[in-house]
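Chemist: The structure file coords-v3.pdb (PDB, C-alpha atoms, pLDDT in the B column) is provided below.
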MODEL        1
ATOM      1  CA  GLU A   5     -31.187  11.485 -12.934  1.00 51.00           C
ATOM      2  CA  LEU A   6     -28.221   9.561 -11.570  1.00 53.00           C
ATOM      3  CA  TYR A   7     -28.175   5.897 -12.551  1.00 55.00           C
ATOM      4  CA  THR A   8     -27.152   3.721  -9.620  1.00 54.00           C
ATOM      5  CA  GLY A   9     -27.679   0.275 -11.123  1.00 60.00           C
ATOM      6  CA  GLY A  10     -30.805  -0.365  -9.075  1.00 63.00           C
ATOM      7  CA  MET A  11     -29.167   0.675  -5.803  1.00 65.00           C
ATOM      8  CA  SER A  12     -30.731   3.310  -3.633  1.00 77.00           C
ATOM      9  CA  PHE A  13     -28.874   6.525  -2.919  1.00 69.00           C
ATOM     10  CA  LEU A  14     -28.324   5.312   0.647  1.00 75.00           C
ATOM     11  CA  ASP A  15     -26.761   2.054  -0.611  1.00 74.00           C
ATOM     12  CA  THR A  16     -24.493   4.035  -2.925  1.00 76.00           C
ATOM     13  CA  PHE A  17     -23.500   6.333  -0.064  1.00 74.00           C
ATOM     14  CA  ARG A  18     -22.735   3.321   2.168  1.00 80.00           C
ATOM     15  CA  ASP A  19     -20.561   1.795  -0.564  1.00 79.00           C
ATOM     16  CA  PHE A  20     -18.608   5.038  -0.930  1.00 80.00           C
ATOM     17  CA  ALA A  21     -18.175   5.252   2.834  1.00 83.00           C
ATOM     18  CA  LYS A  22     -16.975   1.640   2.902  1.00 82.00           C
ATOM     19  CA  MET A  23     -14.519   2.302   0.067  1.00 83.00           C
ATOM     20  CA  LYS A  24     -13.146   5.348   1.893  1.00 86.00           C
ATOM     21  CA  ALA A  25     -12.745   3.342   5.098  1.00 83.00           C
ATOM     22  CA  MET A  26     -10.907   0.634   3.150  1.00 83.00           C
ATOM     23  CA  ARG A  27      -8.608   3.207   1.533  1.00 85.00           C
ATOM     24  CA  ASP A  28      -7.912   4.804   4.922  1.00 86.00           C
ATOM     25  CA  GLU A  29      -7.092   1.392   6.402  1.00 81.00           C
ATOM     26  CA  LEU A  30      -4.642   0.657   3.575  1.00 83.00           C
ATOM     27  CA  LYS A  31      -2.859   3.955   4.159  1.00 87.00           C
ATOM     28  CA  LYS A  32      -2.174   2.901   7.771  1.00 88.00           C
ATOM     29  CA  VAL A  33      -0.368  -0.309   6.753  1.00 86.00           C
ATOM     30  CA  ARG A  34       3.433   0.022   6.601  1.00 93.00           C
ATOM     31  CA  VAL A  35       5.837  -2.666   5.393  1.00 94.00           C
ATOM     32  CA  THR A  36       9.571  -2.578   4.722  1.00 96.00           C
ATOM     33  CA  GLY A  37      11.970  -4.331   2.396  1.00 97.00           C
ATOM     34  CA  GLU A  38      15.610  -4.294   3.441  1.00 97.00           C
ATOM     35  CA  ARG A  39      18.876  -5.465   1.894  1.00 97.00           C
ATOM     36  CA  GLN A  40      22.380  -4.726   3.240  1.00 96.00           C
ATOM     37  CA  GLY A  41      21.102  -1.697   5.162  1.00 96.00           C
ATOM     38  CA  VAL A  42      19.236  -0.215   2.188  1.00 97.00           C
ATOM     39  CA  ARG A  43      15.576   0.075   3.162  1.00 97.00           C
ATOM     40  CA  VAL A  44      12.304   0.933   1.390  1.00 97.00           C
ATOM     41  CA  THR A  45       9.039   1.379   3.291  1.00 97.00           C
ATOM     42  CA  VAL A  46       5.670   1.405   1.522  1.00 95.00           C
ATOM     43  CA  SER A  47       2.073   1.581   2.674  1.00 90.00           C
ATOM     44  CA  GLY A  48      -0.761  -0.774   1.879  1.00 87.00           C
ATOM     45  CA  ASP A  49      -1.811   1.513  -0.977  1.00 87.00           C
ATOM     46  CA  PHE A  50       1.719   1.083  -2.423  1.00 89.00           C
ATOM     47  CA  SER A  51       2.874   4.648  -1.718  1.00 91.00           C
ATOM     48  CA  VAL A  52       6.602   4.846  -0.957  1.00 95.00           C
ATOM     49  CA  HIS A  53       7.156   6.456   2.445  1.00 94.00           C
ATOM     50  CA  GLU A  54      10.854   6.006   3.088  1.00 96.00           C
ATOM     51  CA  VAL A  55      14.010   5.127   1.207  1.00 97.00           C
ATOM     52  CA  VAL A  56      17.221   4.743   3.199  1.00 97.00           C
ATOM     53  CA  LEU A  57      20.477   4.528   1.264  1.00 97.00           C
ATOM     54  CA  ILE A  58      23.991   3.706   2.445  1.00 96.00           C
ATOM     55  CA  PRO A  59      26.575   6.153   1.053  1.00 95.00           C
ATOM     56  CA  THR A  60      29.414   3.649   1.276  1.00 96.00           C
ATOM     57  CA  ILE A  61      27.727   1.219  -1.118  1.00 96.00           C
ATOM     58  CA  PRO A  62      28.451   1.867  -4.838  1.00 97.00           C
ATOM     59  CA  LEU A  63      25.614   3.538  -6.727  1.00 95.00           C
ATOM     60  CA  ASP A  64      24.981   0.607  -9.104  1.00 96.00           C
ATOM     61  CA  VAL A  65      24.709  -1.785  -6.155  1.00 97.00           C
ATOM     62  CA  GLN A  66      22.366   0.590  -4.312  1.00 96.00           C
ATOM     63  CA  ALA A  67      20.141   0.831  -7.390  1.00 96.00           C
ATOM     64  CA  ARG A  68      19.844  -2.971  -7.494  1.00 97.00           C
ATOM     65  CA  LEU A  69      19.206  -3.133  -3.749  1.00 97.00           C
ATOM     66  CA  VAL A  70      16.500  -0.441  -3.915  1.00 97.00           C
ATOM     67  CA  LYS A  71      14.740  -2.405  -6.659  1.00 97.00           C
ATOM     68  CA  GLU A  72      14.922  -5.614  -4.593  1.00 97.00           C
ATOM     69  CA  CYS A  73      13.691  -3.802  -1.475  1.00 97.00           C
ATOM     70  CA  LEU A  74      10.816  -2.232  -3.375  1.00 96.00           C
ATOM     71  CA  ASN A  75       9.771  -5.594  -4.810  1.00 96.00           C
ATOM     72  CA  GLU A  76       9.950  -7.199  -1.371  1.00 96.00           C
ATOM     73  CA  ALA A  77       7.989  -4.381   0.263  1.00 95.00           C
ATOM     74  CA  SER A  78       5.359  -4.504  -2.499  1.00 93.00           C
ATOM     75  CA  GLN A  79       4.837  -8.227  -1.961  1.00 94.00           C
ATOM     76  CA  LYS A  80       4.536  -7.686   1.786  1.00 94.00           C
ATOM     77  CA  ALA A  81       2.101  -4.821   1.164  1.00 91.00           C
ATOM     78  CA  GLN A  82      -0.159  -7.085  -0.904  1.00 90.00           C
ATOM     79  CA  VAL A  83      -0.334  -9.616   1.929  1.00 91.00           C
ATOM     80  CA  ALA A  84      -0.797  -6.941   4.589  1.00 87.00           C
ATOM     81  CA  ALA A  85      -3.490  -5.200   2.528  1.00 84.00           C
ATOM     82  CA  ALA A  86      -5.419  -8.435   2.142  1.00 85.00           C
ATOM     83  CA  LYS A  87      -5.330  -8.920   5.927  1.00 85.00           C
ATOM     84  CA  ALA A  88      -6.297  -5.283   6.597  1.00 79.00           C
ATOM     85  CA  LEU A  89      -9.271  -5.511   4.235  1.00 77.00           C
ATOM     86  CA  LYS A  90     -10.579  -8.838   5.540  1.00 81.00           C
ATOM     87  CA  PRO A  91     -13.011  -7.162   7.991  1.00 77.00           C
ATOM     88  CA  PHE A  92     -14.602  -5.287   5.065  1.00 74.00           C
ATOM     89  CA  GLN A  93     -15.541  -8.454   3.179  1.00 72.00           C
TER      90      GLN A  93
ENDMDL
END
Starting from the file, give its structure as structure tokens.

Modeler:
Amino acid sequence: ELYTGGMSFLDTFRDFAKMKAMRDELKKVRVTGERQGVRVTVSGDFSVHEVVLIPTIPLDVQARLVKECLNEASQKAQVAAAKALKPFQ
């Protein structure tokens, strides 16, 4: 027998459906961090969707810029995810 912590099967099913809807909503969110033309775009579930590099910028500078862009995009994704999930609360 499956233990559901006192919840009915229907309640458990609803929770799973709600979690899937939340995950799907997060995947729709897109935010971008950009520095000197270098750009990183992530989704609300923190998957990286795009990295744009500039070939004329030295590699060590691009590496630093990518890190900064990723940090910026991650912070934006946290805020955007919180807003996207508000209707589920």

Chemist: Segment 66-75 of chain A: which residues within 10 Å, counting only C-alpha atoms, same-chain residues fewer than 2 positions away excluded, as a ChimeraX atom specification?

Modeler: /A:36-46,50,52,55-64,77-81

Chemist: Could you tell me how far atom CA of Val83 of chain A sits from atom CA of Ser47 of chain A, in Å to one decimal place?

Modeler: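 Separating atom CA of Ser47 of chain A from atom CA of Val83 of chain A is a distance of 11.5 Å.
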
Chemist: What does the distance from atom CA of Lys31 of chain A to atom CA of Ser51 of chain A come to in Å, to one decimal?

Modeler: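 Separating atom CA of Lys31 of chain A from atom CA of Ser51 of chain A is a distance of 8.2 Å.
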
Chemist: For Asp49 of chain A, which of A:Val35, A:Lys90, A:Asp19, A:Ala85 is the closest residue, counting only C-alpha atoms?

Modeler: A:Ala85

Chemist: For the provided coordinates, the residues matched by the PyMOL selection byres ((chain A and resi 27) around 12) should be stated as a list of chain:residue names.

Modeler: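 Evaluating the PyMOL selection byres ((chain A and resi 27) around 12) on this file yields A:Phe20, A:Ala21, A:Lys22, A:Met23, A:Lys24, A:Ala25, A:Met26, A:Asp28, A:Glu29, A:Leu30, A:Lys31, A:Lys32, A:Val33, A:Ser47, A:Gly48, A:Asp49, A:Phe50, A:Ala85, A:Ala88, A:Leu89, A:Phe92.
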